[in-house]
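Visitor: One structure coming up, written as C-alpha cells, with questions to follow.
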Amino acid sequence: MNWTDERVELLRKLWSEGLSASQIAAQLGGVSRNAVIGKVHRLKLSGRGRSTASPARQKKSVQGSSVQKSVSRAASAARHMTTSIGATALQAQFDAEPVARHYIRPVENVVVPISRHLQLVELTERTCKWPNGDPLSEEFHFCGNDAAETGPYCKYHARVAFQPASERRRSR
C-alpha cells in the first residue's frame with residue numbers, strides 16, 4: 001500500500017478531527033494502526049483535535065482580592081492529596097502478617113551410624129557412598145556402612161537424602 005496524496009490528506013483531516021489511529025486505519029483501509037501512527041509521526045502531526053466537546057478552561061481572573069486567595073489556600077490545604085512513589089499499580093496490600101506453618105516431624109529413635117572412614121577406592125556395591133567433609137581436603141571420606149539393596153546409602157543416609165513425597169508437598 002502506498003501513501004498517495006489523497007490518503008495523506010484524509011489522514012491529516014481524520015487526525016485533526018481526533019479519531020484514533022485504529023479508527024483512521026479502518027476508514028483508510030489496507031493499512032494497520034501502526035502504519036497510521038508511523039505516518040503521523042513522520043508528518044509531525046502532533047496537535048490533535050478533540051473528539052469530545054469539552055469546554056475550554058476559563059483563565060483565572062487577575063483580581064487581587066486577598067479574601068479569595070486565603071479561601072482558595074484553605075480549600076487546597078483541606079484537600080488531601082495522596083502521593084505514590086514508584087510503581088504501585090501492582091503492589092499487593094496485606095492486612096495481616098502471614099502465618100508460617102511448620103510441619104514438625106515426629107521424633108523417632110534415630111541412630112546416627114559411626115562412619116567407617118572409607119576412601120573412594122575402598123567402596124563396594126554394598127557400602128554407603130555418603131560423602132563426609134570437603135573433597136579437596138585430606139580428611140575427606142565416605143560413610144562406608146552397609147548399604148541397603150535399593151540404593152547407594154545406608155538406612156540413615158537414605159532417609160536424609162530421600163524425603164517422602166508427602167513431606168515435600170507439605171513444605172510447599
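Ligands are numbered from 1 in the order shown, residues from 1 within each chain, and chains are lettered A, B, ... in the order they appear in the C-alpha cells.
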Give me, as a list in words, all polymer residues having an atom no more than 10 Å from stretch 31-33 of chain A, counting only C-alpha atoms and skipping those fewer than 5 positions away in the same chain.

Guide: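 So the residues in contact are Met1, Asn2, Trp3, Ser20, Ala21, Ser22, Gln23, Ile24, Ala25, Ala26 and Gly38 of chain A.
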
Visitor: How about saving the chosen residues, C-alpha atoms kept, as a compact mmCIF listing (two decimals), in the first residue's frame?

Guide:
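Contents of the output file again33.txt:
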# COMPACT_ATOMS: atom_id res chain seq x y z
CA MET A 1 0.00 0.00 0.00
CA ASN A 2 1.34 3.41 -0.97
CA TRP A 3 0.57 6.68 0.74
CA SER A 20 -7.84 7.23 16.97
CA ALA A 21 -5.21 5.52 14.86
CA SER A 22 -7.33 2.36 14.77
CA GLN A 23 -10.37 4.28 13.53
CA ILE A 24 -8.29 6.04 10.86
CA ALA A 25 -6.81 2.72 9.71
CA ALA A 26 -10.30 1.25 9.40
CA GLY A 38 4.22 5.86 11.87

Visitor: Which residue is closest to A:His157? Choose from A:Leu136, A:Val121, A:Ile114, A:Leu43 and count only C-alpha atoms.

Guide: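 When distances to A:His157 are compared using only C-alpha atoms, the smallest one comes from A:Ile114.
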
Visitor: For atom CA of A:Phe140 and atom CA of A:Leu118, quote the distance in Å rounded to one decimal.

Guide: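 Spanning atom CA of A:Phe140 to atom CA of A:Leu118 is a straight-line distance of 9.0 Å.
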
Visitor: Go ahead and compute the interatomic distance for atom CA of A:Leu123 and atom CA of A:Ser137, in Å to one decimal.

Guide: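 It comes out at 18.3 Å.
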
Visitor: So how many Å separate atom CA of A:Glu122 and atom CA of A:His141, to one decimal?

Guide: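 Taking atom CA of A:Glu122 as the start and atom CA of A:His141 as the end point, the length is 10.1 Å.
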